[in-house]
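*Asks:* mmCIF, N, CA and C atoms, file protein_38.cif:
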data_model
loop_
_atom_site.label_atom_id
_atom_site.label_comp_id
_atom_site.auth_asym_id
_atom_site.auth_seq_id
_atom_site.Cartn_x
_atom_site.Cartn_y
_atom_site.Cartn_z
N GLN A 868 20.00 7.00 15.42
CA GLN A 868 19.71 7.15 14.02
C GLN A 868 18.77 6.03 13.57
N VAL A 869 17.71 6.39 12.92
CA VAL A 869 16.74 5.41 12.44
C VAL A 869 17.25 4.79 11.15
N GLN A 870 17.17 3.48 11.06
CA GLN A 870 17.49 2.77 9.83
C GLN A 870 16.27 1.99 9.37
N LEU A 871 16.12 1.93 8.06
CA LEU A 871 15.06 1.12 7.47
C LEU A 871 15.69 -0.12 6.88
N VAL A 872 15.15 -1.26 7.23
CA VAL A 872 15.72 -2.53 6.79
C VAL A 872 14.76 -3.19 5.81
N GLU A 873 15.23 -3.39 4.57
CA GLU A 873 14.41 -4.06 3.55
C GLU A 873 14.79 -5.53 3.48
N SER A 874 13.81 -6.32 3.08
CA SER A 874 14.06 -7.74 2.83
C SER A 874 13.08 -8.23 1.78
N GLY A 875 13.39 -9.39 1.22
CA GLY A 875 12.45 -10.02 0.29
C GLY A 875 12.85 -9.96 -1.16
N GLY A 876 13.93 -9.28 -1.48
CA GLY A 876 14.36 -9.23 -2.88
C GLY A 876 14.90 -10.57 -3.33
N GLY A 877 15.15 -10.69 -4.62
CA GLY A 877 15.68 -11.93 -5.16
C GLY A 877 15.53 -11.99 -6.65
N SER A 878 15.68 -13.21 -7.18
CA SER A 878 15.58 -13.43 -8.62
C SER A 878 14.41 -14.34 -8.92
N VAL A 879 13.61 -13.93 -9.89
CA VAL A 879 12.46 -14.74 -10.32
C VAL A 879 12.34 -14.67 -11.83
N GLN A 880 11.58 -15.58 -12.37
CA GLN A 880 11.28 -15.54 -13.80
C GLN A 880 10.07 -14.65 -14.04
N ALA A 881 9.97 -14.16 -15.25
CA ALA A 881 8.84 -13.33 -15.61
C ALA A 881 7.53 -14.05 -15.29
N GLY A 882 6.60 -13.29 -14.72
CA GLY A 882 5.33 -13.86 -14.31
C GLY A 882 5.29 -14.27 -12.85
N GLY A 883 6.45 -14.29 -12.23
CA GLY A 883 6.53 -14.70 -10.83
C GLY A 883 6.19 -13.58 -9.87
N SER A 884 6.34 -13.87 -8.58
CA SER A 884 5.98 -12.92 -7.53
C SER A 884 7.09 -12.81 -6.49
N LEU A 885 7.16 -11.64 -5.89
CA LEU A 885 8.03 -11.40 -4.75
C LEU A 885 7.32 -10.48 -3.79
N ARG A 886 7.71 -10.56 -2.52
CA ARG A 886 7.11 -9.68 -1.50
C ARG A 886 8.25 -9.01 -0.75
N LEU A 887 8.28 -7.68 -0.82
CA LEU A 887 9.28 -6.91 -0.12
C LEU A 887 8.72 -6.41 1.20
N SER A 888 9.60 -6.34 2.20
CA SER A 888 9.21 -5.81 3.51
C SER A 888 10.19 -4.73 3.94
N CYS A 889 9.69 -3.81 4.75
CA CYS A 889 10.51 -2.70 5.25
C CYS A 889 10.18 -2.50 6.72
N ILE A 890 11.20 -2.55 7.56
CA ILE A 890 11.00 -2.43 9.00
C ILE A 890 11.97 -1.39 9.55
N PRO A 891 11.48 -0.39 10.28
CA PRO A 891 12.38 0.58 10.91
C PRO A 891 13.13 -0.04 12.08
N SER A 892 14.32 0.48 12.36
CA SER A 892 15.14 -0.07 13.44
C SER A 892 14.63 0.35 14.82
N LYS A 893 13.75 1.37 14.86
CA LYS A 893 13.14 1.78 16.11
C LYS A 893 11.75 2.32 15.82
N THR A 894 10.94 2.35 16.85
CA THR A 894 9.57 2.83 16.68
C THR A 894 9.55 4.34 16.69
N ILE A 895 9.07 4.92 15.60
CA ILE A 895 8.93 6.37 15.48
C ILE A 895 7.59 6.68 14.83
N ALA A 896 7.18 7.92 14.93
CA ALA A 896 5.98 8.35 14.22
C ALA A 896 6.32 8.48 12.74
N ILE A 897 5.50 7.87 11.90
CA ILE A 897 5.75 7.89 10.46
C ILE A 897 4.52 8.36 9.73
N ASN A 898 4.70 9.26 8.81
CA ASN A 898 3.60 9.74 7.98
C ASN A 898 3.55 8.88 6.72
N THR A 899 4.11 9.35 5.65
CA THR A 899 4.07 8.61 4.40
C THR A 899 5.25 7.64 4.29
N MET A 900 4.97 6.45 3.78
CA MET A 900 6.01 5.48 3.44
C MET A 900 5.91 5.19 1.95
N ALA A 901 7.03 4.80 1.38
CA ALA A 901 7.01 4.58 -0.07
C ALA A 901 8.11 3.61 -0.49
N TRP A 902 7.93 3.06 -1.67
CA TRP A 902 8.96 2.26 -2.34
C TRP A 902 9.40 3.00 -3.60
N TYR A 903 10.69 3.09 -3.76
CA TYR A 903 11.29 3.62 -4.99
C TYR A 903 12.12 2.50 -5.61
N ARG A 904 12.46 2.66 -6.88
CA ARG A 904 13.36 1.71 -7.51
C ARG A 904 14.29 2.44 -8.46
N GLN A 905 15.45 1.83 -8.68
CA GLN A 905 16.41 2.39 -9.60
C GLN A 905 17.03 1.28 -10.42
N ALA A 906 16.80 1.34 -11.72
CA ALA A 906 17.39 0.37 -12.64
C ALA A 906 18.73 0.92 -13.13
N PRO A 907 19.62 0.06 -13.60
CA PRO A 907 20.93 0.52 -14.08
C PRO A 907 20.79 1.57 -15.18
N GLY A 908 21.49 2.68 -15.02
CA GLY A 908 21.47 3.73 -16.02
C GLY A 908 20.23 4.60 -16.01
N ARG A 909 19.36 4.40 -15.02
CA ARG A 909 18.13 5.18 -14.98
C ARG A 909 18.02 5.90 -13.64
N GLN A 910 17.18 6.91 -13.62
CA GLN A 910 16.95 7.65 -12.39
C GLN A 910 16.07 6.86 -11.44
N ARG A 911 16.22 7.16 -10.15
CA ARG A 911 15.35 6.53 -9.16
C ARG A 911 13.93 7.04 -9.37
N GLU A 912 12.97 6.12 -9.31
CA GLU A 912 11.57 6.49 -9.54
C GLU A 912 10.67 5.95 -8.45
N LEU A 913 9.59 6.67 -8.21
CA LEU A 913 8.59 6.22 -7.25
C LEU A 913 7.84 5.02 -7.82
N VAL A 914 7.70 3.98 -7.00
CA VAL A 914 6.91 2.81 -7.38
C VAL A 914 5.51 2.92 -6.77
N ALA A 915 5.46 3.15 -5.46
CA ALA A 915 4.19 3.25 -4.77
C ALA A 915 4.40 3.93 -3.43
N SER A 916 3.36 4.60 -2.95
CA SER A 916 3.43 5.24 -1.64
C SER A 916 2.13 4.99 -0.89
N ILE A 917 2.20 5.13 0.43
CA ILE A 917 1.02 4.92 1.27
C ILE A 917 1.12 5.85 2.47
N THR A 918 0.02 6.55 2.76
CA THR A 918 -0.01 7.44 3.91
C THR A 918 -0.40 6.66 5.16
N SER A 919 -0.32 7.31 6.31
CA SER A 919 -0.73 6.67 7.55
C SER A 919 -2.22 6.36 7.55
N GLY A 920 -2.97 7.07 6.73
CA GLY A 920 -4.40 6.82 6.61
C GLY A 920 -4.74 5.74 5.59
N GLY A 921 -3.73 5.24 4.89
CA GLY A 921 -3.97 4.16 3.94
C GLY A 921 -4.17 4.58 2.50
N ASP A 922 -4.04 5.87 2.23
CA ASP A 922 -4.18 6.32 0.84
C ASP A 922 -2.93 5.90 0.06
N THR A 923 -3.16 5.36 -1.13
CA THR A 923 -2.06 4.82 -1.92
C THR A 923 -1.94 5.52 -3.27
N VAL A 924 -0.72 5.52 -3.78
CA VAL A 924 -0.42 6.02 -5.11
C VAL A 924 0.51 5.01 -5.77
N TYR A 925 0.26 4.70 -7.04
CA TYR A 925 1.10 3.78 -7.79
C TYR A 925 1.55 4.42 -9.10
N THR A 926 2.77 4.12 -9.50
CA THR A 926 3.17 4.53 -10.83
C THR A 926 2.42 3.66 -11.84
N ASP A 927 2.13 4.22 -13.00
CA ASP A 927 1.31 3.52 -13.99
C ASP A 927 1.86 2.14 -14.35
N ALA A 928 3.17 2.01 -14.37
CA ALA A 928 3.79 0.77 -14.82
C ALA A 928 3.49 -0.43 -13.93
N VAL A 929 3.08 -0.17 -12.68
CA VAL A 929 2.87 -1.29 -11.75
C VAL A 929 1.41 -1.44 -11.32
N LYS A 930 0.56 -0.54 -11.76
CA LYS A 930 -0.85 -0.60 -11.37
C LYS A 930 -1.46 -1.94 -11.76
N GLY A 931 -2.18 -2.54 -10.83
CA GLY A 931 -2.83 -3.82 -11.09
C GLY A 931 -1.92 -5.02 -10.84
N ARG A 932 -0.63 -4.77 -10.64
CA ARG A 932 0.31 -5.88 -10.40
C ARG A 932 0.94 -5.81 -9.00
N PHE A 933 1.19 -4.60 -8.52
CA PHE A 933 1.83 -4.41 -7.22
C PHE A 933 0.82 -3.90 -6.22
N THR A 934 1.01 -4.28 -4.95
CA THR A 934 0.15 -3.80 -3.87
C THR A 934 1.02 -3.37 -2.70
N ILE A 935 0.85 -2.12 -2.28
CA ILE A 935 1.58 -1.60 -1.13
C ILE A 935 0.66 -1.66 0.09
N ASP A 936 1.23 -1.98 1.23
CA ASP A 936 0.44 -2.07 2.46
C ASP A 936 1.33 -1.72 3.64
N ARG A 937 0.72 -1.38 4.75
CA ARG A 937 1.49 -1.07 5.94
C ARG A 937 0.72 -1.46 7.19
N ASP A 938 1.47 -1.71 8.24
CA ASP A 938 0.90 -1.99 9.56
C ASP A 938 1.34 -0.83 10.44
N ASN A 939 0.41 0.07 10.73
CA ASN A 939 0.78 1.27 11.50
C ASN A 939 1.23 0.93 12.91
N ALA A 940 0.67 -0.10 13.48
CA ALA A 940 1.05 -0.48 14.85
C ALA A 940 2.50 -0.93 14.91
N LYS A 941 2.96 -1.57 13.85
CA LYS A 941 4.34 -2.08 13.81
C LYS A 941 5.26 -1.20 12.97
N ASN A 942 4.68 -0.18 12.31
CA ASN A 942 5.46 0.68 11.42
C ASN A 942 6.13 -0.09 10.30
N THR A 943 5.55 -1.18 9.89
CA THR A 943 6.13 -1.98 8.81
C THR A 943 5.37 -1.74 7.51
N MET A 944 6.04 -1.96 6.41
CA MET A 944 5.46 -1.75 5.09
C MET A 944 5.85 -2.91 4.19
N THR A 945 4.94 -3.30 3.32
CA THR A 945 5.23 -4.37 2.38
C THR A 945 4.88 -3.93 0.96
N LEU A 946 5.47 -4.62 0.01
CA LEU A 946 5.15 -4.42 -1.40
C LEU A 946 5.01 -5.81 -2.02
N GLN A 947 3.79 -6.18 -2.33
CA GLN A 947 3.52 -7.45 -2.99
C GLN A 947 3.61 -7.22 -4.49
N MET A 948 4.52 -7.93 -5.13
CA MET A 948 4.76 -7.74 -6.56
C MET A 948 4.38 -9.01 -7.31
N ASN A 949 3.35 -8.93 -8.12
CA ASN A 949 2.88 -10.06 -8.91
C ASN A 949 3.09 -9.79 -10.40
N GLN A 950 3.02 -10.82 -11.19
CA GLN A 950 3.16 -10.70 -12.64
C GLN A 950 4.41 -9.89 -13.00
N LEU A 951 5.50 -10.23 -12.37
CA LEU A 951 6.73 -9.47 -12.58
C LEU A 951 7.22 -9.57 -14.01
N LYS A 952 7.80 -8.47 -14.47
CA LYS A 952 8.33 -8.37 -15.83
C LYS A 952 9.82 -8.05 -15.77
N PRO A 953 10.56 -8.37 -16.82
CA PRO A 953 12.00 -8.05 -16.82
C PRO A 953 12.25 -6.56 -16.57
N GLU A 954 11.36 -5.70 -17.02
CA GLU A 954 11.54 -4.26 -16.82
C GLU A 954 11.34 -3.83 -15.37
N ASP A 955 10.90 -4.75 -14.51
CA ASP A 955 10.81 -4.45 -13.07
C ASP A 955 12.15 -4.65 -12.38
N THR A 956 13.13 -5.17 -13.09
CA THR A 956 14.45 -5.39 -12.52
C THR A 956 15.05 -4.07 -12.07
N ALA A 957 15.44 -3.99 -10.80
CA ALA A 957 15.97 -2.76 -10.22
C ALA A 957 16.36 -3.02 -8.77
N VAL A 958 17.02 -2.03 -8.18
CA VAL A 958 17.19 -2.02 -6.73
C VAL A 958 16.00 -1.26 -6.16
N TYR A 959 15.32 -1.87 -5.22
CA TYR A 959 14.13 -1.28 -4.60
C TYR A 959 14.50 -0.72 -3.24
N TYR A 960 14.07 0.53 -3.00
CA TYR A 960 14.38 1.24 -1.77
C TYR A 960 13.10 1.56 -1.00
N CYS A 961 13.17 1.37 0.29
CA CYS A 961 12.10 1.76 1.19
C CYS A 961 12.41 3.16 1.73
N THR A 962 11.41 3.99 1.86
CA THR A 962 11.59 5.30 2.45
C THR A 962 10.42 5.63 3.35
N ALA A 963 10.69 6.43 4.36
CA ALA A 963 9.65 6.82 5.31
C ALA A 963 9.89 8.26 5.75
N HIS A 964 8.80 9.01 5.83
CA HIS A 964 8.86 10.38 6.37
C HIS A 964 8.46 10.28 7.83
N GLY A 965 9.45 10.34 8.71
CA GLY A 965 9.19 10.08 10.11
C GLY A 965 9.76 11.12 11.04
N TRP A 966 9.37 11.00 12.32
CA TRP A 966 9.79 11.95 13.34
C TRP A 966 10.59 11.23 14.41
N ASP A 967 11.83 11.67 14.57
CA ASP A 967 12.69 11.17 15.65
C ASP A 967 13.44 12.37 16.20
N GLY A 968 12.66 13.34 16.70
CA GLY A 968 13.23 14.59 17.15
C GLY A 968 13.00 15.71 16.15
N ALA A 969 12.82 15.32 14.90
CA ALA A 969 12.49 16.25 13.81
C ALA A 969 11.96 15.41 12.66
N TRP A 970 11.13 16.02 11.82
CA TRP A 970 10.63 15.30 10.64
C TRP A 970 11.73 15.23 9.59
N GLU A 971 11.97 14.04 9.10
CA GLU A 971 12.94 13.89 8.02
C GLU A 971 12.64 12.62 7.25
N ASP A 972 13.28 12.48 6.11
CA ASP A 972 13.10 11.31 5.26
C ASP A 972 14.21 10.30 5.54
N TYR A 973 13.79 9.07 5.78
CA TYR A 973 14.72 7.98 6.01
C TYR A 973 14.68 7.04 4.82
N TRP A 974 15.85 6.45 4.49
CA TRP A 974 15.97 5.54 3.37
C TRP A 974 16.63 4.24 3.79
N GLY A 975 16.21 3.16 3.17
CA GLY A 975 16.86 1.89 3.37
C GLY A 975 18.05 1.75 2.44
N GLN A 976 18.78 0.63 2.59
CA GLN A 976 19.97 0.38 1.78
C GLN A 976 19.62 -0.15 0.40
N GLY A 977 18.43 -0.65 0.24
CA GLY A 977 18.01 -1.18 -1.05
C GLY A 977 18.09 -2.70 -1.11
N THR A 978 17.20 -3.29 -1.89
CA THR A 978 17.21 -4.72 -2.10
C THR A 978 17.05 -5.00 -3.59
N GLN A 979 17.85 -5.91 -4.12
CA GLN A 979 17.87 -6.18 -5.54
C GLN A 979 16.71 -7.09 -5.95
N VAL A 980 16.01 -6.70 -6.99
CA VAL A 980 14.99 -7.53 -7.61
C VAL A 980 15.40 -7.76 -9.07
N THR A 981 15.53 -9.02 -9.44
CA THR A 981 15.92 -9.37 -10.80
C THR A 981 14.88 -10.29 -11.41
N VAL A 982 14.35 -9.89 -12.55
CA VAL A 982 13.33 -10.68 -13.24
C VAL A 982 13.89 -11.10 -14.59
N SER A 983 13.96 -12.39 -14.81
CA SER A 983 14.50 -12.91 -16.06
C SER A 983 13.36 -13.33 -17.00
N SER A 984 13.64 -13.21 -18.28
CA SER A 984 12.60 -13.55 -19.28
C SER A 984 12.64 -15.02 -19.65
#
Let me see whether you can do it: turn the structure in this file into structure tokens.
*Replies:*
Amino acid sequence: QVQLVESGGGSVQAGGSLRLSCIPSKTIAINTMAWYRQAPGRQRELVASITSGGDTVYTDAVKGRFTIDRDNAKNTMTLQMNQLKPEDTAVYYCTAHGWDGAWEDYWGQGTQVTVSS
């Protein structure tokens, strides 16, 4: 079973930066990777996604502040978060559409990001 391991969450003050990383537990073919987040009392939402070709999509709320990137050789993905705001506070989840006998979506356990004002 493939697991996605996130790291890099924590607590920062508004205006600060954090860098999240996502690493699969085994090497598999991966198409699209993405970061989602879920704040208390709210639905999980897409933050950013990146295809194997490097095409990216960002939700409007993070455009110009967050940068998603991936290393296809290592199957790793990062999310550089700058100019953080209190409204960015959430649990951030890594997801990957990968093949390990069949195409399916894999999810990480989530990492907490807390931004204080």
*Asks:* Which neighbours of Ser892 in chain A fall inside 6 Å, counting only N, CA and C atoms, when residues of the same chain fewer than 4 positions from it are skipped, and could you give them as a ChimeraX atom specification?
*Replies:* /A:869-872
*Asks:* Please tabulate, as JSON lines, the residues of range 936-972 of chain A that come within 8 Å of range 913-925 of chain A, each with its closest pair of atoms and the distance in Å to one decimal, counting all atoms listed in the file and ordering rows by chain, then residue number upward.
*Replies:*
{"residue": "A:Asp936", "atom": "N", "partner": "A:Ile917", "partner_atom": "CA", "distance": 6.9}
{"residue": "A:Arg937", "atom": "N", "partner": "A:Ile917", "partner_atom": "CA", "distance": 7.2}
{"residue": "A:Asn939", "atom": "CA", "partner": "A:Ser919", "partner_atom": "CA", "distance": 6.9}
*Asks:* Could you produce a table of the residues of range 910-948 of chain A lying within 6 Å of range 874-888 of chain A, with the nearest pair of atoms per residue and their separation in Å rounded to one decimal, using only N, CA and C atoms, ordered by chain and increasing residue number, as CSV?
*Replies:*
residue,atom,partner,partner_atom,distance
A:Met944,C,A:Ser888,CA,4.5
A:Thr945,CA,A:Leu887,C,4.2
A:Leu946,N,A:Leu887,C,3.9
A:Gln947,CA,A:Arg886,CA,4.5
A:Met948,N,A:Leu885,C,4.0
*Asks:* From the list A:Ser983, A:Gln950, A:Gln976, A:Thr962, which residue is nearest Thr899 in chain A when using only N, CA and C atoms?
*Replies:*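 Closest residue, counting only N, CA and C atoms: A:Thr962.
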*Asks:* Could you tell me how far CA of Ala940 in chain A sits from atom C of Gly977 in chain A, in Å to one decimal place?
*Replies:*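 Computed distance, atom C of Gly977 in chain A to CA of Ala940 in chain A, equals 23.5 Å.
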*Asks:* So which residues touch Val980 in chain A within 5 Å, counting all atoms listed in the file, skipping near sequence neighbours fewer than 5 positions away, as a list in words?
*Replies:*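 Contacts, with the query itself left out: Gly877, Thr956, Ala957 and Val958 of chain A.
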*Asks:* Write the residues of the preceding selection, restricted to N, CA and C atoms, as a compact mmCIF listing (two decimals), keeping the file's coordinate frame.
*Replies:*
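Output below, filename again-v7.txt:
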# COMPACT_ATOMS: atom_id res chain seq x y z
N GLY A 877 15.15 -10.69 -4.62
CA GLY A 877 15.68 -11.93 -5.16
C GLY A 877 15.53 -11.99 -6.65
N THR A 956 13.13 -5.17 -13.09
CA THR A 956 14.45 -5.39 -12.52
C THR A 956 15.05 -4.07 -12.07
N ALA A 957 15.44 -3.99 -10.80
CA ALA A 957 15.97 -2.76 -10.22
C ALA A 957 16.36 -3.02 -8.77
N VAL A 958 17.02 -2.03 -8.18
CA VAL A 958 17.19 -2.02 -6.73
C VAL A 958 16.00 -1.26 -6.16
*Asks:* What is the atom C of Lys952 in chain A to CA of Ser984 in chain A distance in Å?
*Replies:*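 Distance reported for this atom pair: 7.1 Å.
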*Asks:* Quote the spacing between atom N of Gly965 in chain A and atom C of Gln910 in chain A in Å to one decimal place.
*Replies:* 21.5 Å
*Asks:* Residues at most 12 Å from Trp970 in chain A, counting only C-alpha atoms, excluding those fewer than 6 positions away in the same chain, as a CSV table (one decimal) with N, CA and C atoms, in the frame of the given file?
*Replies:*
chain,number,residue,atom,x,y,z
A,869,VAL,N,17.7,6.4,12.9
A,869,VAL,CA,16.7,5.4,12.4
A,869,VAL,C,17.2,4.8,11.2
A,895,ILE,N,9.1,4.9,15.6
A,895,ILE,CA,8.9,6.4,15.5
A,895,ILE,C,7.6,6.7,14.8
A,896,ALA,N,7.2,7.9,14.9
A,896,ALA,CA,6.0,8.4,14.2
A,896,ALA,C,6.3,8.5,12.7
A,897,ILE,N,5.5,7.9,11.9
A,897,ILE,CA,5.8,7.9,10.5
A,897,ILE,C,4.5,8.4,9.7
A,898,ASN,N,4.7,9.3,8.8
A,898,ASN,CA,3.6,9.7,8.0
A,898,ASN,C,3.6,8.9,6.7
A,899,THR,N,4.1,9.4,5.6
A,899,THR,CA,4.1,8.6,4.4
A,899,THR,C,5.2,7.6,4.3
A,963,ALA,N,10.7,6.4,4.4
A,963,ALA,CA,9.6,6.8,5.3
A,963,ALA,C,9.9,8.3,5.8
A,964,HIS,N,8.8,9.0,5.8
A,964,HIS,CA,8.9,10.4,6.4
A,964,HIS,C,8.5,10.3,7.8
*Asks:* Which polymer residues have any atom within 7 Å of an atom of Cys961 in chain A, counting all atoms listed in the file, with same-chain residues fewer than 2 positions away left out, as a PyMOL selection string?
*Replies:* chain A and resi 871+873+889+900-903+959+963+973-978
*Asks:* Quick one: axis-aligned box around all listed atoms of range 927-939 of chain A, 6 Å on every side, centre and edge lengths in Å to one decimal, written as lines of an AutoDock Vina configuration file.
*Replies:*
center_x = 0.5
center_y = -0.8
center_z = -1.0
size_x = 18.6
size_y = 22.1
size_z = 39.7
*Asks:* Smallest atom-to-atom distance to Thr894 in chain A: which of A:Asn949, A:Thr934, A:Asn942, A:Thr981, using only N, CA and C atoms?
*Replies:*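 Looking at the shortest contact to Thr894 in chain A, the residue is A:Asn942.
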*Asks:* Mind listing the strand (DSSP E or B) residues of range 904-966 of chain A, per DSSP on the backbone, as a PyMOL selection string?
*Replies:* chain A and resi 904-905+912-917+923-925+933-938+943-948+957-966
*Asks:* Have a look at A:Lys941, A:Thr926, A:Val982, A:Gly968 and name the one nearest to Ile890 in chain A; count only N, CA and C atoms.
*Replies:*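 The closest residue to Ile890 in chain A is A:Lys941.
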